[in-house]
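Notes follow once the structure below has been shown.
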Amino acid sequence: MYLIQAAVPVPLRQLFTYTHDSSLEHGVRVVVPFGKRELVGIVMESKPVGSDQEKAATDGTLKAVQCVLDTKPLIPDELLSLGKWLSDYYLHPIGDTLLTMLPSWLRKNKSEQEIMSLVNQQALKILPEGKDALSTIPANAKQQKRLLNALREKSALLSDVKQRFSNAVINALVDKQWAVQYQQNLEAKVDWQDKLTLGNKPIASREQGAAIGVITSQLTTFSVSLLDGVTGSGKTEVYLQVIETVLLRGRQVLVLVPEIGLTPQTVERFERRFGHPVGVLHSKVSDKKRMQIWLAAKSGKLPLIIGTRSAIFTPFYQLGLIVVDEEHDDSFKQQDGLRYHARDLAAVRAQRLGVPLVLGSATPSLETLNNALNGRYQHLHLSARAGGANPVSQYIQDMRNHPVQGGIAEHLIEKMQQHIQAGNQVLVFLNRRGFSPVLLCHACGHVEMCHRCDRPMTWHKAKRQLKCHHCDAQRGVPNRCDHCHSDSLIADGLGTEQLEQALQGLFPSVSIARIDRDATRTKDALEKRFDEIRAGKHQLLVGTQIVAKGHHFPDVTMVVIVDVDSALFSADLRAAEKLAQLVTQLAGRAGRAEKPGEMWLQTHHPGHPIVQELIHNGYAHVARGLLAERQSANVIPFSVQAIVKAESHEQYKVQKALQLARSALPPAHIISAIGPVQTLIEKKQGRYRMMLIVRASSRKALNLALRHLLSAMTASKEAKQVRWSLDVDAIDLT
DNA sequence: AGCACGCCGACT
DNA sequence: GTCGGCGTGCTC
């Protein structure tokens, strides 16, 4: 008799022990009874029954494994141990962690046969008659000729062919016996190495060459390189050439991209370069396809995987390199359930496998930049822009006492008019990230601050009060500015919708395109909107974050950033970093060499160091300045943090639960706790929300403290009455 | 998370 | 007199 410890998909931080008449390997899936239910569990430990005590348990308290789904483990040890690490680090239940990591096919009660049948794929290959026919094929059979040509060098999976050719074309080739369908075993030995088309590459610039050289000289050990290069400096070419070297050595490559960055064009570029299908993973890939790619990557059949966040959980036969493009992008952090950061996890995986990690960005996150500056990461620079100098000049619009219409300075409205009349596009950008309205003096720019925390007070319109989100101090709204005694106190609070309306009033004959999450719910709607913009259907573009990601706007010659101040005076300590990244990304994406553009930042604080640095010295300087501030305030990345969030219909319950959480923490000299304080969005769907920020100087101390907190929370009645969650390395304060 | 048990209000 | 509301408790 054996004791089997299994991870079961429930939100409980423990394994469950079952009995079985034989030993089971780690990673084997089993069906186990669980309460009144049957669940698919994953074997984590297996040992023979030893002590009498254990023997007694086998015929009493323990239940038996119901059935074993796999004859050999489908889940490799590497993933299993990564799962354990994740569960420990993010303090997330192990069963749910594995659930998040694995394709849904493995979590459902799918038999081994059913899963393995996926690796026997229908494929299409050309016959000698087909090759002969290529020269004699009638001119009107265009598609048939195209498909034959595609098959000439190598056969293709039927599912891939079907995406590009109709059934009629495929059937025609089979009927004429020019091509034949056959079973291809995707688990067969690695065979792509000699099929790659390599060497077809542009000559690298001196800087690119240097970066490629540094990375490829150490492909057999763990290292992290930050590829720090402005938009258009050719980061992708560096990736491609490094990837080529890795593939040549028979190793696989994983490329992670932000959610919005994975376009068909990107995939095509990789496929064209290497002449081999790429495994593509994102939220829209079907469960079946996902399972296929998972198996193909695991067996070594797929040389290259490109995917979003969750692709970091792909198993590999022999991984040789991980690339994370646009590493600063927040979409790499999962915001619910297992709140992992794919970029951080990429570093963990690369280290465990002893392979290099390349992080690319024009605007590196402060976490990554700090690691590059302190020498933990290699810092590789690409400064040259392929098309010459940055075509966008940046200016400050001083808003103090300046007449404003619809949130835009009159001076800029005139300029916008000129640009539109010249046949160009104008982009009006509203920065709403980490937005919390502050009380601002329109005459002098003074912002009402908390006397205790020296942080801006948040304006609560309904309660007619100012509140500090750091210490919960509050006071009434003053009538006059504390500083210059002017009575023109204003609160910013414009949304994209209102902005669009106001602009339509100002420019009645102009077509306005709104680009934000609300207007473009689906990815298709977003693509469609971008196509319209490229086609010149709209002259005025109004957008949020989303426009700064991935897309180029060649006809935009003027960019207006409406509200810089809300980022300078945000309760979110990352707001300034995000603003700097946005402005820089936008500047890189608007205009082109022969059509120089201008960018305007509207602010009541023209002298603010962040604004000044951004305009005159660029992101790299701002980022270093922000890092220095973070260091003196001893916040991330100079300390580590986690956030406990709670919500309930009753506000006092939220307070109580988080206060209990706080009281479970070690003393203040080890851990500093802030809160319970307001979340940036205080009430959502009728539920009051608050958070407790927990800071420590080391990951170890934080982890330990959170374990105390967790055991107190799971045992307490107060916590059971609220919805609560724990977010290690949290970046979301909403 | 599910899925039970359990003890109080409006219905055949 | 039952049906069903969701509070509390357990799952090897």
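Every chain in the structure tokens takes a letter, A first, then B, and so on in the order presented; its residues are numbered from 1, and the ligands are numbered from 1 following the presented order.
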message = Please list as a list in words every residue within 10 Å of DT12 (chain B), counting only C-alpha atoms (C1' of nucleotides) and excluding residues in the same chain fewer than 4 positions away.
response =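 Result of the neighbour search: DG1, DT2 and DC3 of chain C.
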**Message:** With 7 Å as the limit and counting only C-alpha atoms (C1' of nucleotides), what residues in chain A lie close to chain C? Please list them as a ChimeraX atom specification.
**Reply:** /A:16-18,34-35,62-63
With N, CA and C atoms retained, export the selected residues as a short mmCIF file (atom, residue, chain, number, x, y, z; two decimals), in the first residue's frame.
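For reference, result.cif as written:
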```cif
data_model
loop_
_atom_site.label_atom_id
_atom_site.label_comp_id
_atom_site.auth_asym_id
_atom_site.auth_seq_id
_atom_site.Cartn_x
_atom_site.Cartn_y
_atom_site.Cartn_z
N PHE A 16 -3.46 16.68 -0.46
CA PHE A 16 -4.36 15.70 0.14
C PHE A 16 -3.82 14.30 -0.08
N THR A 17 -3.90 13.48 0.98
CA THR A 17 -3.28 12.16 0.94
C THR A 17 -4.31 11.09 0.62
N TYR A 18 -3.98 10.25 -0.34
CA TYR A 18 -4.84 9.12 -0.72
C TYR A 18 -4.01 7.84 -0.66
N PHE A 34 -13.37 13.59 -3.63
CA PHE A 34 -13.11 14.79 -2.81
C PHE A 34 -14.46 15.27 -2.30
N GLY A 35 -14.73 15.02 -1.05
CA GLY A 35 -16.08 15.29 -0.56
C GLY A 35 -17.05 14.47 -1.37
N LEU A 62 -8.30 7.76 5.42
CA LEU A 62 -7.86 8.08 4.05
C LEU A 62 -8.72 7.37 3.01
N LYS A 63 -8.93 8.07 1.89
CA LYS A 63 -9.66 7.46 0.78
C LYS A 63 -8.67 6.98 -0.28
#
```
* Those in region 359-559 of chain A with helix (DSSP H, G or I) from DSSP, as JSON, numbers by chain -> {"A": [366, 367, 368, 369, 370, 371, 372, 373, 410, 411, 412, 413, 414, 415, 416, 417, 418, 419, 420, 421, 496, 497, 498, 499, 500, 501, 502, 503, 504, 505, 506, 523, 524, 525, 526, 527, 528, 529, 530, 531, 532, 533, 534, 545, 546, 547, 548]}
What residues in chain A lie within 10 Å of chain B, counting only C-alpha atoms (C1' of nucleotides), written as a VMD selection string? chain A and resid 9 to 12 35 to 37 96
Polymer residues at most 12 Å from Lys289 (chain A), only C-alpha atoms (C1' of nucleotides), same-chain spacing of 5 or more positions, as a list in words
Pro103, Ser104, Trp105, Ile115, Leu118, Val119, Gln121, Ser159, Asp160, Gly279, Val280, Leu281, His282, Ser283, Lys284, Trp294, Leu295 and Ala296 of chain A
Generate the output file for the selected residues, N, CA, C and O atoms, as a compact mmCIF listing (two decimals), in the first residue's frame.
```
# COMPACT_ATOMS: atom_id res chain seq x y z
N PRO A 103 -2.63 23.40 -19.51
CA PRO A 103 -3.73 23.51 -20.47
C PRO A 103 -4.98 22.83 -19.92
O PRO A 103 -4.87 21.84 -19.20
N SER A 104 -6.12 23.35 -20.27
CA SER A 104 -7.36 22.85 -19.65
C SER A 104 -7.59 21.37 -19.97
O SER A 104 -8.24 20.67 -19.21
N TRP A 105 -7.05 20.89 -21.05
CA TRP A 105 -7.22 19.47 -21.37
C TRP A 105 -6.65 18.57 -20.28
O TRP A 105 -7.17 17.50 -20.01
N ILE A 115 -5.51 12.53 -25.30
CA ILE A 115 -4.51 13.59 -25.38
C ILE A 115 -3.41 13.22 -26.37
O ILE A 115 -3.04 14.03 -27.23
N LEU A 118 -3.64 13.66 -30.11
CA LEU A 118 -3.38 14.99 -30.69
C LEU A 118 -2.02 15.08 -31.35
O LEU A 118 -1.79 15.92 -32.21
N VAL A 119 -1.08 14.25 -30.89
CA VAL A 119 0.25 14.36 -31.47
C VAL A 119 0.34 13.60 -32.79
O VAL A 119 1.30 13.74 -33.52
N GLN A 121 -0.95 13.94 -35.96
CA GLN A 121 -1.68 14.93 -36.73
C GLN A 121 -1.74 14.58 -38.19
O GLN A 121 -0.78 14.03 -38.75
N SER A 159 -3.85 21.20 -40.40
CA SER A 159 -4.53 22.31 -39.71
C SER A 159 -3.92 23.65 -40.08
O SER A 159 -4.61 24.66 -40.17
N ASP A 160 -2.60 23.66 -40.30
CA ASP A 160 -1.94 24.92 -40.70
C ASP A 160 -2.30 25.27 -42.15
O ASP A 160 -2.56 26.44 -42.47
N GLY A 279 4.97 28.22 -32.79
CA GLY A 279 3.84 27.93 -31.90
C GLY A 279 3.34 29.23 -31.29
O GLY A 279 4.10 29.93 -30.62
N VAL A 280 2.09 29.57 -31.51
CA VAL A 280 1.56 30.85 -31.04
C VAL A 280 0.55 30.61 -29.92
O VAL A 280 -0.38 29.84 -30.07
N LEU A 281 0.76 31.29 -28.80
CA LEU A 281 -0.12 31.11 -27.65
C LEU A 281 -0.64 32.45 -27.15
O LEU A 281 0.13 33.34 -26.83
N HIS A 282 -1.96 32.60 -27.13
CA HIS A 282 -2.59 33.75 -26.50
C HIS A 282 -3.99 33.35 -26.09
O HIS A 282 -4.42 32.22 -26.33
N SER A 283 -4.73 34.27 -25.52
CA SER A 283 -6.01 33.90 -24.90
C SER A 283 -7.02 33.33 -25.89
O SER A 283 -7.92 32.60 -25.51
N LYS A 284 -6.87 33.65 -27.16
CA LYS A 284 -7.87 33.20 -28.12
C LYS A 284 -7.58 31.83 -28.73
O LYS A 284 -8.39 31.31 -29.49
N TRP A 294 1.46 22.61 -26.62
CA TRP A 294 2.09 22.20 -25.36
C TRP A 294 2.88 20.90 -25.58
O TRP A 294 4.04 20.78 -25.20
N LEU A 295 2.21 19.93 -26.21
CA LEU A 295 2.85 18.63 -26.44
C LEU A 295 4.01 18.75 -27.42
O LEU A 295 5.06 18.14 -27.24
N ALA A 296 3.80 19.56 -28.46
CA ALA A 296 4.83 19.69 -29.49
C ALA A 296 6.07 20.39 -28.93
O ALA A 296 7.20 20.03 -29.25
```
Give me, as a list in words, all polymer residues having an atom no more than 7 Å from region 234-242 of chain A, counting only C-alpha atoms (C1' of nucleotides) and skipping those fewer than 4 positions away in the same chain. Gln208, Ile212, Thr216, Gly229 and Val246 of chain A
For the strand (DSSP E) assignment from backbone DSSP, which residues of region 10-99 of chain A qualify? Please present them as a PyMOL selection string. chain A and resi 16-20+29-34+37-48+63-64+67-68
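The space between CA of Ile94 (chain A) and CA of His26 (chain A) spans 14.2 Å.
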Note to self: Taking 5 positions as the minimum chain separation for residues in the same chain, which residues sit within 10 Å of region 396-403 of chain A when counting only C-alpha atoms (C1' of nucleotides)? Answer as number ranges by chain.
What the structure shows: A: 408-412, 441-445, 488, 560-562, 599-607, 611-612, 615
Print the selection's residues with C-alpha atoms to a file, as a CSV table (one decimal), in the first residue's frame.
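And here is the file that came out, result-v8.csv:
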```
chain,number,residue,atom,x,y,z
A,408,ILE,CA,-7.4,71.8,-23.7
A,409,ALA,CA,-5.4,75.0,-23.6
A,410,GLU,CA,-6.7,77.6,-26.2
A,411,HIS,CA,-3.2,78.0,-27.5
A,412,LEU,CA,-3.1,74.3,-28.4
A,441,CYS,CA,-4.9,75.9,-8.0
A,442,HIS,CA,-5.4,77.0,-11.5
A,443,ALA,CA,-3.5,80.2,-10.8
A,444,CYS,CA,-0.3,78.8,-9.2
A,445,GLY,CA,-0.5,75.1,-9.6
A,488,SER,CA,-9.7,79.4,-8.8
A,560,VAL,CA,-1.4,66.5,-26.8
A,561,ILE,CA,-1.1,65.0,-23.3
A,562,VAL,CA,-4.1,66.5,-21.6
A,599,MET,CA,4.1,66.8,-28.7
A,600,TRP,CA,2.7,69.0,-26.0
A,601,LEU,CA,2.4,68.2,-22.3
A,602,GLN,CA,-0.2,70.2,-20.5
A,603,THR,CA,0.7,71.0,-16.9
A,604,HIS,CA,0.3,73.4,-14.0
A,605,HIS,CA,3.8,72.5,-13.0
A,606,PRO,CA,6.1,73.4,-15.9
A,607,GLY,CA,9.0,73.4,-13.6
A,611,VAL,CA,8.4,67.1,-16.7
A,612,GLN,CA,11.6,69.1,-17.3
A,615,ILE,CA,11.3,67.0,-22.2
```
Subject >> Polymer residues at most 9 Å from Leu86 (chain A), only C-alpha atoms (C1' of nucleotides), same-chain spacing of 3 or more positions, as a ChimeraX atom specification >> reply: /A:81-83,89-92,94,97,338,340,345
Could you write out that same residue set with C-alpha atoms as a compact mmCIF listing (two decimals), in the first residue's frame?
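Once written, again_31.txt looks like this:
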```
# COMPACT_ATOMS: atom_id res chain seq x y z
CA SER A 81 8.89 22.14 -9.31
CA LEU A 82 8.17 25.55 -10.86
CA GLY A 83 4.62 25.12 -9.61
CA TYR A 89 6.42 32.58 -3.51
CA TYR A 90 2.96 33.93 -4.30
CA LEU A 91 1.45 32.03 -1.35
CA HIS A 92 -1.18 30.60 -3.62
CA ILE A 94 -0.78 24.50 -4.97
CA THR A 97 -1.43 27.06 -9.09
CA LEU A 338 -2.34 33.27 -9.14
CA TYR A 340 2.33 35.92 -11.11
CA LEU A 345 9.00 34.07 -13.66
```
Arg455 (chain A) environment, 10 Å, only C-alpha atoms (C1' of nucleotides), sequence neighbours closer than 4 positions dropped, as a PDB file with N, CA, C and O atoms, in the first residue's frame:
```
ATOM      1  N   VAL A 447      -0.928  72.161  -5.130  1.00  0.00           N
ATOM      2  CA  VAL A 447      -1.783  71.000  -4.880  1.00  0.00           C
ATOM      3  C   VAL A 447      -1.924  70.815  -3.373  1.00  0.00           C
ATOM      4  O   VAL A 447      -0.933  70.883  -2.641  1.00  0.00           O
ATOM      5  N   GLU A 448      -3.139  70.607  -2.908  1.00  0.00           N
ATOM      6  CA  GLU A 448      -3.371  70.386  -1.477  1.00  0.00           C
ATOM      7  C   GLU A 448      -2.708  69.090  -1.037  1.00  0.00           C
ATOM      8  O   GLU A 448      -2.981  68.021  -1.600  1.00  0.00           O
ATOM      9  N   MET A 449      -1.823  69.192  -0.049  1.00  0.00           N
ATOM     10  CA  MET A 449      -1.066  68.019   0.394  1.00  0.00           C
ATOM     11  C   MET A 449      -1.493  67.615   1.802  1.00  0.00           C
ATOM     12  O   MET A 449      -2.010  68.412   2.574  1.00  0.00           O
ATOM     13  N   CYS A 450      -1.198  66.344   2.131  1.00  0.00           N
ATOM     14  CA  CYS A 450      -1.412  65.875   3.493  1.00  0.00           C
ATOM     15  C   CYS A 450      -0.263  66.398   4.348  1.00  0.00           C
ATOM     16  O   CYS A 450       0.900  66.237   3.999  1.00  0.00           O
ATOM     17  N   HIS A 451      -0.591  67.040   5.481  1.00  0.00           N
ATOM     18  CA  HIS A 451       0.458  67.640   6.309  1.00  0.00           C
ATOM     19  C   HIS A 451       1.346  66.580   6.930  1.00  0.00           C
ATOM     20  O   HIS A 451       2.494  66.837   7.255  1.00  0.00           O
ATOM     21  N   CYS A 468      -6.415  61.665   2.644  1.00  0.00           N
ATOM     22  CA  CYS A 468      -5.087  61.155   2.317  1.00  0.00           C
ATOM     23  C   CYS A 468      -5.166  59.636   2.192  1.00  0.00           C
ATOM     24  O   CYS A 468      -5.600  58.958   3.121  1.00  0.00           O
ATOM     25  N   HIS A 469      -4.742  59.117   1.052  1.00  0.00           N
ATOM     26  CA  HIS A 469      -4.806  57.679   0.846  1.00  0.00           C
ATOM     27  C   HIS A 469      -3.662  56.945   1.525  1.00  0.00           C
ATOM     28  O   HIS A 469      -3.519  55.745   1.400  1.00  0.00           O
ATOM     29  N   HIS A 470      -2.819  57.679   2.222  1.00  0.00           N
ATOM     30  CA  HIS A 470      -1.703  57.018   2.896  1.00  0.00           C
ATOM     31  C   HIS A 470      -1.906  56.904   4.392  1.00  0.00           C
ATOM     32  O   HIS A 470      -1.421  55.985   5.023  1.00  0.00           O
ATOM     33  N   CYS A 471      -2.617  57.881   4.980  1.00  0.00           N
ATOM     34  CA  CYS A 471      -2.815  57.773   6.418  1.00  0.00           C
ATOM     35  C   CYS A 471      -4.274  57.932   6.814  1.00  0.00           C
ATOM     36  O   CYS A 471      -4.622  57.848   7.975  1.00  0.00           O
ATOM     37  N   PHE A 569       0.918  63.825  -9.320  1.00  0.00           N
ATOM     38  CA  PHE A 569       0.357  63.883  -7.965  1.00  0.00           C
ATOM     39  C   PHE A 569      -0.618  62.742  -7.734  1.00  0.00           C
ATOM     40  O   PHE A 569      -1.740  62.928  -7.335  1.00  0.00           O
ATOM     41  N   SER A 570      -0.166  61.548  -8.038  1.00  0.00           N
ATOM     42  CA  SER A 570      -1.040  60.391  -7.876  1.00  0.00           C
ATOM     43  C   SER A 570      -0.729  59.656  -6.587  1.00  0.00           C
ATOM     44  O   SER A 570       0.398  59.691  -6.099  1.00  0.00           O
ATOM     45  N   ALA A 571      -1.744  59.011  -6.037  1.00  0.00           N
ATOM     46  CA  ALA A 571      -1.523  58.182  -4.861  1.00  0.00           C
ATOM     47  C   ALA A 571      -0.743  56.920  -5.237  1.00  0.00           C
ATOM     48  O   ALA A 571      -0.150  56.269  -4.391  1.00  0.00           O
TER      49      ALA A 571
END
```
Computed interatomic separation between CA of Pro264 (chain A) and CA of Ala535 (chain A) (Å) =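 These two atoms are separated by 19.0 Å.
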### Length of the CA of Glu207 (chain A) to CA of Val358 (chain A) vector [Å]
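Distance reported for this atom pair: 15.7 Å.
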